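Enquirer: entry_6.pdb is the file, holding PDB, C-alpha atoms, pLDDT in the B column:
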```
ATOM      1  CA  VAL A 249       0.000   0.000   0.000  1.00 92.00           C
ATOM      2  CA  GLN A 250       1.463   3.361  -1.054  1.00 96.00           C
ATOM      3  CA  LEU A 251       0.037   6.515   0.478  1.00 97.00           C
ATOM      4  CA  GLN A 252       0.482  10.176  -0.444  1.00 96.00           C
ATOM      5  CA  ALA A 253      -0.931  12.814   1.901  1.00 97.00           C
ATOM      6  CA  SER A 254      -1.620  16.406   0.909  1.00 97.00           C
ATOM      7  CA  GLY A 255      -3.723  19.387   1.883  1.00 97.00           C
ATOM      8  CA  GLY A 256      -1.858  20.803   4.845  1.00 93.00           C
ATOM      9  CA  GLY A 257      -0.726  24.371   5.259  1.00 97.00           C
ATOM     10  CA  LEU A 258      -1.121  27.446   7.419  1.00 97.00           C
ATOM     11  CA  VAL A 259      -4.687  27.864   8.682  1.00 97.00           C
ATOM     12  CA  GLN A 260      -6.287  30.376  11.002  1.00 97.00           C
ATOM     13  CA  ALA A 261      -7.955  29.141  14.163  1.00 98.00           C
ATOM     14  CA  GLY A 262     -11.508  28.140  13.357  1.00 97.00           C
ATOM     15  CA  GLY A 263     -10.562  27.154   9.811  1.00 97.00           C
ATOM     16  CA  SER A 264     -11.682  24.018   7.964  1.00 98.00           C
ATOM     17  CA  PRO A 265      -9.016  22.435   5.784  1.00 97.00           C
ATOM     18  CA  ARG A 266      -9.393  19.033   4.192  1.00 98.00           C
ATOM     19  CA  LEU A 267      -6.512  16.598   4.045  1.00 98.00           C
ATOM     20  CA  SER A 268      -6.305  14.045   1.249  1.00 98.00           C
ATOM     21  CA  CYS A 269      -4.523  10.711   1.058  1.00 98.00           C
ATOM     22  CA  ALA A 270      -4.114   9.227  -2.416  1.00 98.00           C
ATOM     23  CA  VAL A 271      -3.691   5.459  -2.416  1.00 98.00           C
ATOM     24  CA  SER A 272      -1.932   3.224  -4.907  1.00 96.00           C
ATOM     25  CA  GLY A 273      -1.335  -0.480  -4.899  1.00 94.00           C
ATOM     26  CA  HIS A 274      -4.765  -1.267  -3.430  1.00 97.00           C
ATOM     27  CA  THR A 275      -8.275   0.069  -3.648  1.00 97.00           C
ATOM     28  CA  VAL A 276      -9.426   2.088  -0.633  1.00 97.00           C
ATOM     29  CA  SER A 277     -12.434  -0.185  -0.295  1.00 96.00           C
ATOM     30  CA  SER A 278     -10.171  -3.182   0.316  1.00 97.00           C
ATOM     31  CA  ILE A 279      -7.966  -1.789   3.097  1.00 98.00           C
ATOM     32  CA  ASN A 280      -8.249  -0.218   6.534  1.00 98.00           C
ATOM     33  CA  MET A 281      -6.973   3.342   6.685  1.00 98.00           C
ATOM     34  CA  GLY A 282      -6.444   6.096   9.188  1.00 98.00           C
ATOM     35  CA  TRP A 283      -4.823   9.343  10.219  1.00 98.00           C
ATOM     36  CA  PHE A 284      -2.242  10.036  12.890  1.00 98.00           C
ATOM     37  CA  ARG A 285      -0.561  13.240  13.919  1.00 98.00           C
ATOM     38  CA  LEU A 286       2.730  14.219  15.500  1.00 98.00           C
ATOM     39  CA  ALA A 287       3.058  17.545  17.267  1.00 98.00           C
ATOM     40  CA  LEU A 288       6.345  19.065  18.352  1.00 96.00           C
ATOM     41  CA  GLY A 289       7.336  17.734  21.764  1.00 96.00           C
ATOM     42  CA  LYS A 290       4.494  15.218  21.902  1.00 97.00           C
ATOM     43  CA  GLU A 291       4.030  11.554  21.111  1.00 97.00           C
ATOM     44  CA  ARG A 292       2.416  10.410  17.909  1.00 97.00           C
ATOM     45  CA  GLU A 293      -1.371  10.407  18.301  1.00 98.00           C
ATOM     46  CA  PHE A 294      -4.110   8.432  16.606  1.00 98.00           C
ATOM     47  CA  VAL A 295      -6.742  10.714  15.058  1.00 98.00           C
ATOM     48  CA  SER A 296      -9.251   8.662  13.081  1.00 98.00           C
ATOM     49  CA  ALA A 297      -9.780   5.455  11.121  1.00 98.00           C
ATOM     50  CA  ILE A 298     -12.039   4.090   8.409  1.00 98.00           C
ATOM     51  CA  SER A 299     -12.372   0.369   7.837  1.00 98.00           C
ATOM     52  CA  TRP A 300     -12.534  -1.451   4.521  1.00 98.00           C
ATOM     53  CA  ASN A 301     -16.331  -1.690   4.929  1.00 96.00           C
ATOM     54  CA  GLY A 302     -16.798   1.961   5.850  1.00 97.00           C
ATOM     55  CA  ARG A 303     -16.922   1.954   9.641  1.00 98.00           C
ATOM     56  CA  THR A 304     -15.328   4.998  11.231  1.00 98.00           C
ATOM     57  CA  ALA A 305     -13.636   5.738  14.542  1.00 98.00           C
ATOM     58  CA  TYR A 306     -12.321   8.903  16.143  1.00 98.00           C
ATOM     59  CA  ALA A 307     -10.016   9.772  18.983  1.00 98.00           C
ATOM     60  CA  ASP A 308     -11.503  12.137  21.545  1.00 97.00           C
ATOM     61  CA  PRO A 309      -9.771  15.310  20.225  1.00 96.00           C
ATOM     62  CA  ALA A 310     -11.291  14.645  16.786  1.00 97.00           C
ATOM     63  CA  LYS A 311     -14.841  13.751  17.807  1.00 97.00           C
ATOM     64  CA  GLY A 312     -17.384  16.284  16.649  1.00 97.00           C
ATOM     65  CA  ARG A 313     -14.841  18.330  14.678  1.00 98.00           C
ATOM     66  CA  PHE A 314     -13.167  15.980  12.191  1.00 98.00           C
ATOM     67  CA  THR A 315     -14.762  13.685   9.614  1.00 98.00           C
ATOM     68  CA  ILE A 316     -12.974  10.830   7.872  1.00 98.00           C
ATOM     69  CA  SER A 317     -14.260   9.645   4.514  1.00 98.00           C
ATOM     70  CA  ARG A 318     -13.154   8.108   1.266  1.00 98.00           C
ATOM     71  CA  ASP A 319     -13.941   8.358  -2.427  1.00 98.00           C
ATOM     72  CA  ASP A 320     -13.763   4.944  -4.020  1.00 97.00           C
ATOM     73  CA  ALA A 321     -13.781   6.365  -7.545  1.00 97.00           C
ATOM     74  CA  LYS A 322     -10.772   8.573  -6.794  1.00 98.00           C
ATOM     75  CA  ASN A 323      -9.130   5.948  -4.573  1.00 98.00           C
ATOM     76  CA  THR A 324      -8.541   8.650  -1.988  1.00 98.00           C
ATOM     77  CA  MET A 325      -9.204   9.069   1.723  1.00 98.00           C
ATOM     78  CA  TYR A 326      -9.981  12.421   3.324  1.00 98.00           C
ATOM     79  CA  LEU A 327      -9.938  14.093   6.708  1.00 98.00           C
ATOM     80  CA  GLN A 328     -12.234  17.099   6.914  1.00 98.00           C
ATOM     81  CA  MET A 329     -11.134  19.184   9.859  1.00 98.00           C
ATOM     82  CA  ASN A 330     -13.419  21.882  11.270  1.00 98.00           C
ATOM     83  CA  SER A 331     -13.072  24.438  14.053  1.00 97.00           C
ATOM     84  CA  LEU A 332      -9.311  24.053  14.153  1.00 98.00           C
ATOM     85  CA  LYS A 333      -7.422  25.082  17.275  1.00 97.00           C
ATOM     86  CA  PRO A 334      -3.730  25.934  17.708  1.00 97.00           C
ATOM     87  CA  GLU A 335      -3.303  22.618  19.536  1.00 96.00           C
ATOM     88  CA  ASP A 336      -4.229  20.822  16.295  1.00 98.00           C
ATOM     89  CA  THR A 337      -0.907  21.991  14.843  1.00 98.00           C
ATOM     90  CA  ALA A 338       0.979  18.842  13.832  1.00 98.00           C
ATOM     91  CA  LEU A 339       2.384  16.723  11.044  1.00 98.00           C
ATOM     92  CA  TYR A 340      -0.533  14.591   9.862  1.00 98.00           C
ATOM     93  CA  TYR A 341       0.164  11.108   8.476  1.00 97.00           C
ATOM     94  CA  CYS A 342      -2.129   8.787   6.573  1.00 98.00           C
ATOM     95  CA  VAL A 343      -1.789   5.072   7.152  1.00 98.00           C
ATOM     96  CA  GLY A 344      -3.141   1.903   5.595  1.00 98.00           C
ATOM     97  CA  ASP A 345      -3.090  -1.845   5.956  1.00 97.00           C
ATOM     98  CA  ASP A 346      -4.405  -4.622   3.727  1.00 96.00           C
ATOM     99  CA  SER A 347      -4.905  -7.032   6.618  1.00 96.00           C
ATOM    100  CA  THR A 348      -8.682  -6.777   7.015  1.00 96.00           C
ATOM    101  CA  GLY A 349      -9.605  -9.766   9.137  1.00 96.00           C
ATOM    102  CA  THR A 350     -11.776  -9.249  12.201  1.00 96.00           C
ATOM    103  CA  LEU A 351      -8.935  -8.993  14.721  1.00 97.00           C
ATOM    104  CA  SER A 352      -6.749  -6.821  12.489  1.00 97.00           C
ATOM    105  CA  THR A 353      -9.616  -4.469  11.732  1.00 97.00           C
ATOM    106  CA  ALA A 354     -10.453  -4.156  15.431  1.00 97.00           C
ATOM    107  CA  GLN A 355      -6.825  -3.182  16.093  1.00 97.00           C
ATOM    108  CA  HIS A 356      -6.739  -0.712  13.242  1.00 98.00           C
ATOM    109  CA  MET A 357      -9.928   0.959  14.434  1.00 97.00           C
ATOM    110  CA  ARG A 358      -8.181   1.599  17.763  1.00 97.00           C
ATOM    111  CA  GLY A 359      -5.161   3.041  15.976  1.00 97.00           C
ATOM    112  CA  LYS A 360      -2.941   0.002  16.369  1.00 97.00           C
ATOM    113  CA  GLY A 361      -0.957  -2.175  14.005  1.00 96.00           C
ATOM    114  CA  TYR A 362      -0.818  -0.192  10.770  1.00 97.00           C
ATOM    115  CA  ARG A 363       2.064  -1.344   8.598  1.00 97.00           C
ATOM    116  CA  ASN A 364       2.069   1.256   5.828  1.00 97.00           C
ATOM    117  CA  TRP A 365       2.690   4.936   6.460  1.00 97.00           C
ATOM    118  CA  GLY A 366       2.672   7.816   4.032  1.00 95.00           C
ATOM    119  CA  GLN A 367       4.753  10.938   4.362  1.00 91.00           C
ATOM    120  CA  GLY A 368       3.212  13.613   6.537  1.00 94.00           C
ATOM    121  CA  THR A 369       1.536  16.855   5.621  1.00 97.00           C
ATOM    122  CA  GLN A 370       2.035  19.776   8.001  1.00 98.00           C
ATOM    123  CA  VAL A 371      -0.957  21.620   9.416  1.00 98.00           C
ATOM    124  CA  THR A 372      -0.157  24.817  11.312  1.00 98.00           C
ATOM    125  CA  VAL A 373      -2.991  26.637  13.062  1.00 98.00           C
ATOM    126  CA  SER A 374      -2.422  30.276  13.903  1.00 97.00           C
ATOM    127  CA  SER A 375      -4.318  31.939  16.726  1.00 91.00           C
TER     128      SER A 375
END
```
So that I can check it, write out the structure of this file as C-alpha cells.
Expert:
Amino acid sequence: VQLQASGGGLVQAGGSPRLSCAVSGHTVSSINMGWFRLALGKEREFVSAISWNGRTAYADPAKGRFTISRDDAKNTMYLQMNSLKPEDTALYYCVGDDSTGTLSTAQHMRGKGYRNWGQGTQVTVSS
C-alpha cells in the first residue's frame, strides 16, 4: 500500500481544511486506513480510522470536529477538519493496511498495528 498525503498548510484558528490521502497499490475499499498526527514535543497520536467496509472511529480530540471519509472512484481518503485550534498543529500522516480480518480491523480501528505509512503533511494553526 502506497500513500500520499496532501492538503496541509497554514490555517487560522476556526478554519476548515481538508486533508487528502491518495492510495496506490490497493483500492481504498479493500484496506483499513487512518490518520495520525505528530506535534512538536508530543508523542504520535491516533486521530481517526475508516475500515474497509466503511466503519469509522475517532479519537476524543477529533470527535465532533473531524470527519474521515473516502472516495472509491478517486481511490482517496480524506480528513475534513473543522473548528481548528492551535493545539491541532501537527504533522498529519495517513496510514493503511491490507490485513482486514476481524482482529486486524479491530486493532486498526483503535489506531494500532498499521504497517504502511505515508509521508506527513504539516498543518499549522495560527491563533
Enquirer: Skipping near chain neighbours, those fewer than 3 positions away, what residues fall within 10 Å of Asn364 (chain A) using only C-alpha atoms, listed as a PyMOL selection string?
Expert: chain A and resi 249-251+281+342-346+361
Enquirer: Kindly indicate which residue among A:Gly312, A:Gly262, A:Gly302, A:Pro334 lies nearest to Thr372 (chain A), using all atoms listed in the file for the distances.
Expert: A:Pro334
Enquirer: To verify the selection step, state as a list of chain:residue names which residues the PyMOL selection byres ((chain A and resi 373) around 7) yields on this input.
Expert: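 On the file shown, the PyMOL selection byres ((chain A and resi 373) around 7) covers A:Leu258, A:Val259, A:Gln260, A:Ala261, A:Leu332, A:Lys333, A:Pro334, A:Asp336, A:Thr337, A:Val371, A:Thr372, A:Ser374, A:Ser375.
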Enquirer: Translate the PyMOL selection byres ((chain A and resi 252) around 7) into a concrete residue list for this structure, as a list in words.
Expert: Gln250, Leu251, Ala253, Ser254, Cys269, Ala270, Val271, Gly366 and Gln367 of chain A
Enquirer: Which residues would end up in the selection if the PyMOL selection byres ((chain A and resi 321-327) around 8) were applied here, given that I need the answer as a compact mmCIF listing (two decimals) with C-alpha atoms, keeping the file's coordinate frame?
Expert:
```txt
# COMPACT_ATOMS: atom_id res chain seq x y z
CA ARG A 266 -9.39 19.03 4.19
CA LEU A 267 -6.51 16.60 4.04
CA SER A 268 -6.30 14.04 1.25
CA CYS A 269 -4.52 10.71 1.06
CA ALA A 270 -4.11 9.23 -2.42
CA VAL A 271 -3.69 5.46 -2.42
CA SER A 272 -1.93 3.22 -4.91
CA THR A 275 -8.28 0.07 -3.65
CA VAL A 276 -9.43 2.09 -0.63
CA MET A 281 -6.97 3.34 6.68
CA TRP A 283 -4.82 9.34 10.22
CA PHE A 314 -13.17 15.98 12.19
CA THR A 315 -14.76 13.68 9.61
CA ILE A 316 -12.97 10.83 7.87
CA SER A 317 -14.26 9.64 4.51
CA ARG A 318 -13.15 8.11 1.27
CA ASP A 319 -13.94 8.36 -2.43
CA ASP A 320 -13.76 4.94 -4.02
CA GLN A 328 -12.23 17.10 6.91
CA MET A 329 -11.13 19.18 9.86
```
Enquirer: What is the distance between CA of Lys290 (chain A) and CA of Asp308 (chain A), in Å to one decimal?
Expert: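 CA of Asp308 (chain A) lies 16.3 Å from CA of Lys290 (chain A).
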Enquirer: Can you work out the spacing between CA of Leu351 (chain A) and CA of Ser299 (chain A) in Å, to one decimal?
Expert: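 Between CA of Leu351 (chain A) and CA of Ser299 (chain A) the gap is 12.1 Å.
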Enquirer: Separation of CA of Ala287 (chain A) and CA of Ala338 (chain A), in Å?
Expert: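 Taking CA of Ala287 (chain A) as the start and CA of Ala338 (chain A) as the end point, the length is 4.2 Å.
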Enquirer: Anything within 9 Å of (-4.1, 6.9, 18.8): list those residues as a count of residues only, counting only C-alpha atoms and sticking to the file's coordinates.
Expert: 13
Enquirer: Might I get the box with edges along x, y and z of the file that holds all atoms of region 262-270 of chain A listed there, padded by 8 Å on every side, given as centre and edge lengths in Å to one decimal, as AutoDock Vina command-line options?
Expert:
```
--center_x -7.9 --center_y 18.7 --center_z 5.5 --size_x 23.6 --size_y 34.9 --size_z 31.8
```
Enquirer: So, counting all atoms listed in the file, which residue among A:Thr353, A:Thr369, A:Ser264, A:Thr348 is closest to Ala305 (chain A)?
Expert: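 So, comparing all the options, the nearest one is A:Thr353.
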Enquirer: Which is closest to Gly349 (chain A) among A:Ile298, A:Asn280, A:Gly273, A:Gly255, if we use all atoms listed in the file?
Expert: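 Once distances to Gly349 (chain A) are computed over all atoms listed in the file, the minimum belongs to A:Asn280.
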Enquirer: Is it possible to add N, CA and C atoms to region 334-366 of chain A and hand it back as a PDB file, keeping the file's coordinate frame?
Expert:
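To be explicit, this is the file written out as selection.pdb:
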```pdb
ATOM      1  N   PRO A 334      -5.202  25.967  17.780  1.00 97.00           N
ATOM      2  CA  PRO A 334      -3.730  25.934  17.708  1.00 97.00           C
ATOM      3  C   PRO A 334      -3.153  24.590  18.143  1.00 97.00           C
ATOM      4  N   GLU A 335      -3.802  23.915  19.079  1.00 96.00           N
ATOM      5  CA  GLU A 335      -3.303  22.618  19.536  1.00 96.00           C
ATOM      6  C   GLU A 335      -3.480  21.505  18.506  1.00 96.00           C
ATOM      7  N   ASP A 336      -4.148  21.780  17.395  1.00 98.00           N
ATOM      8  CA  ASP A 336      -4.229  20.822  16.295  1.00 98.00           C
ATOM      9  C   ASP A 336      -3.009  20.903  15.378  1.00 98.00           C
ATOM     10  N   THR A 337      -2.128  21.859  15.629  1.00 98.00           N
ATOM     11  CA  THR A 337      -0.907  21.991  14.843  1.00 98.00           C
ATOM     12  C   THR A 337      -0.070  20.727  14.959  1.00 98.00           C
ATOM     13  N   ALA A 338       0.245  20.106  13.818  1.00 98.00           N
ATOM     14  CA  ALA A 338       0.979  18.842  13.832  1.00 98.00           C
ATOM     15  C   ALA A 338       1.296  18.413  12.402  1.00 98.00           C
ATOM     16  N   LEU A 339       2.149  17.418  12.307  1.00 98.00           N
ATOM     17  CA  LEU A 339       2.384  16.723  11.044  1.00 98.00           C
ATOM     18  C   LEU A 339       1.378  15.588  10.985  1.00 98.00           C
ATOM     19  N   TYR A 340       0.525  15.588   9.986  1.00 98.00           N
ATOM     20  CA  TYR A 340      -0.533  14.591   9.862  1.00 98.00           C
ATOM     21  C   TYR A 340      -0.109  13.518   8.855  1.00 98.00           C
ATOM     22  N   TYR A 341      -0.213  12.255   9.297  1.00 97.00           N
ATOM     23  CA  TYR A 341       0.164  11.108   8.476  1.00 97.00           C
ATOM     24  C   TYR A 341      -1.069  10.283   8.118  1.00 97.00           C
ATOM     25  N   CYS A 342      -1.114   9.778   6.885  1.00 98.00           N
ATOM     26  CA  CYS A 342      -2.129   8.787   6.573  1.00 98.00           C
ATOM     27  C   CYS A 342      -1.482   7.404   6.599  1.00 98.00           C
ATOM     28  N   VAL A 343      -2.272   6.440   6.995  1.00 98.00           N
ATOM     29  CA  VAL A 343      -1.789   5.072   7.152  1.00 98.00           C
ATOM     30  C   VAL A 343      -2.775   4.115   6.521  1.00 98.00           C
ATOM     31  N   GLY A 344      -2.276   2.914   6.188  1.00 98.00           N
ATOM     32  CA  GLY A 344      -3.141   1.903   5.595  1.00 98.00           C
ATOM     33  C   GLY A 344      -2.614   0.514   5.859  1.00 98.00           C
ATOM     34  N   ASP A 345      -3.497  -0.462   5.764  1.00 97.00           N
ATOM     35  CA  ASP A 345      -3.090  -1.845   5.956  1.00 97.00           C
ATOM     36  C   ASP A 345      -4.078  -2.751   5.235  1.00 97.00           C
ATOM     37  N   ASP A 346      -3.540  -3.733   4.503  1.00 96.00           N
ATOM     38  CA  ASP A 346      -4.405  -4.622   3.727  1.00 96.00           C
ATOM     39  C   ASP A 346      -4.800  -5.873   4.505  1.00 96.00           C
ATOM     40  N   SER A 347      -4.444  -5.935   5.777  1.00 96.00           N
ATOM     41  CA  SER A 347      -4.905  -7.032   6.618  1.00 96.00           C
ATOM     42  C   SER A 347      -6.259  -6.637   7.196  1.00 96.00           C
ATOM     43  N   THR A 348      -7.323  -7.233   6.685  1.00 96.00           N
ATOM     44  CA  THR A 348      -8.682  -6.777   7.015  1.00 96.00           C
ATOM     45  C   THR A 348      -9.512  -7.847   7.722  1.00 96.00           C
ATOM     46  N   GLY A 349      -8.864  -8.815   8.334  1.00 96.00           N
ATOM     47  CA  GLY A 349      -9.605  -9.766   9.137  1.00 96.00           C
ATOM     48  C   GLY A 349     -10.201  -9.090  10.359  1.00 96.00           C
ATOM     49  N   THR A 350     -11.041  -9.827  11.072  1.00 96.00           N
ATOM     50  CA  THR A 350     -11.776  -9.249  12.201  1.00 96.00           C
ATOM     51  C   THR A 350     -10.836  -8.687  13.266  1.00 96.00           C
ATOM     52  N   LEU A 351      -9.835  -9.461  13.667  1.00 97.00           N
ATOM     53  CA  LEU A 351      -8.935  -8.993  14.721  1.00 97.00           C
ATOM     54  C   LEU A 351      -8.075  -7.829  14.251  1.00 97.00           C
ATOM     55  N   SER A 352      -7.565  -7.909  13.022  1.00 97.00           N
ATOM     56  CA  SER A 352      -6.749  -6.821  12.489  1.00 97.00           C
ATOM     57  C   SER A 352      -7.553  -5.536  12.386  1.00 97.00           C
ATOM     58  N   THR A 353      -8.778  -5.658  11.880  1.00 97.00           N
ATOM     59  CA  THR A 353      -9.616  -4.469  11.732  1.00 97.00           C
ATOM     60  C   THR A 353      -9.913  -3.851  13.093  1.00 97.00           C
ATOM     61  N   ALA A 354     -10.193  -4.688  14.081  1.00 97.00           N
ATOM     62  CA  ALA A 354     -10.453  -4.156  15.431  1.00 97.00           C
ATOM     63  C   ALA A 354      -9.240  -3.377  15.938  1.00 97.00           C
ATOM     64  N   GLN A 355      -8.041  -3.895  15.699  1.00 97.00           N
ATOM     65  CA  GLN A 355      -6.825  -3.182  16.093  1.00 97.00           C
ATOM     66  C   GLN A 355      -6.693  -1.871  15.351  1.00 97.00           C
ATOM     67  N   HIS A 356      -6.886  -1.920  14.047  1.00 98.00           N
ATOM     68  CA  HIS A 356      -6.739  -0.712  13.242  1.00 98.00           C
ATOM     69  C   HIS A 356      -7.720   0.366  13.676  1.00 98.00           C
ATOM     70  N   MET A 357      -8.920  -0.028  14.031  1.00 97.00           N
ATOM     71  CA  MET A 357      -9.928   0.959  14.434  1.00 97.00           C
ATOM     72  C   MET A 357      -9.580   1.601  15.779  1.00 97.00           C
ATOM     73  N   ARG A 358      -8.684   0.995  16.514  1.00 97.00           N
ATOM     74  CA  ARG A 358      -8.181   1.599  17.763  1.00 97.00           C
ATOM     75  C   ARG A 358      -6.853   2.294  17.541  1.00 97.00           C
ATOM     76  N   GLY A 359      -6.411   2.361  16.283  1.00 97.00           N
ATOM     77  CA  GLY A 359      -5.161   3.041  15.976  1.00 97.00           C
ATOM     78  C   GLY A 359      -3.921   2.204  16.180  1.00 97.00           C
ATOM     79  N   LYS A 360      -4.075   0.897  16.126  1.00 97.00           N
ATOM     80  CA  LYS A 360      -2.941   0.002  16.369  1.00 97.00           C
ATOM     81  C   LYS A 360      -2.620  -0.818  15.119  1.00 97.00           C
ATOM     82  N   GLY A 361      -1.339  -1.135  14.949  1.00 96.00           N
ATOM     83  CA  GLY A 361      -0.957  -2.175  14.005  1.00 96.00           C
ATOM     84  C   GLY A 361      -0.848  -1.822  12.539  1.00 96.00           C
ATOM     85  N   TYR A 362      -0.934  -0.539  12.180  1.00 97.00           N
ATOM     86  CA  TYR A 362      -0.818  -0.192  10.770  1.00 97.00           C
ATOM     87  C   TYR A 362       0.612  -0.414  10.278  1.00 97.00           C
ATOM     88  N   ARG A 363       0.737  -1.017   9.115  1.00 97.00           N
ATOM     89  CA  ARG A 363       2.064  -1.344   8.598  1.00 97.00           C
ATOM     90  C   ARG A 363       2.554  -0.399   7.506  1.00 97.00           C
ATOM     91  N   ASN A 364       1.674   0.379   6.923  1.00 97.00           N
ATOM     92  CA  ASN A 364       2.069   1.256   5.828  1.00 97.00           C
ATOM     93  C   ASN A 364       1.782   2.706   6.186  1.00 97.00           C
ATOM     94  N   TRP A 365       2.796   3.533   6.089  1.00 97.00           N
ATOM     95  CA  TRP A 365       2.690   4.936   6.460  1.00 97.00           C
ATOM     96  C   TRP A 365       3.087   5.801   5.283  1.00 97.00           C
ATOM     97  N   GLY A 366       2.299   6.840   5.033  1.00 95.00           N
ATOM     98  CA  GLY A 366       2.672   7.816   4.032  1.00 95.00           C
ATOM     99  C   GLY A 366       3.556   8.886   4.644  1.00 95.00           C
TER     100      GLY A 366
END
```
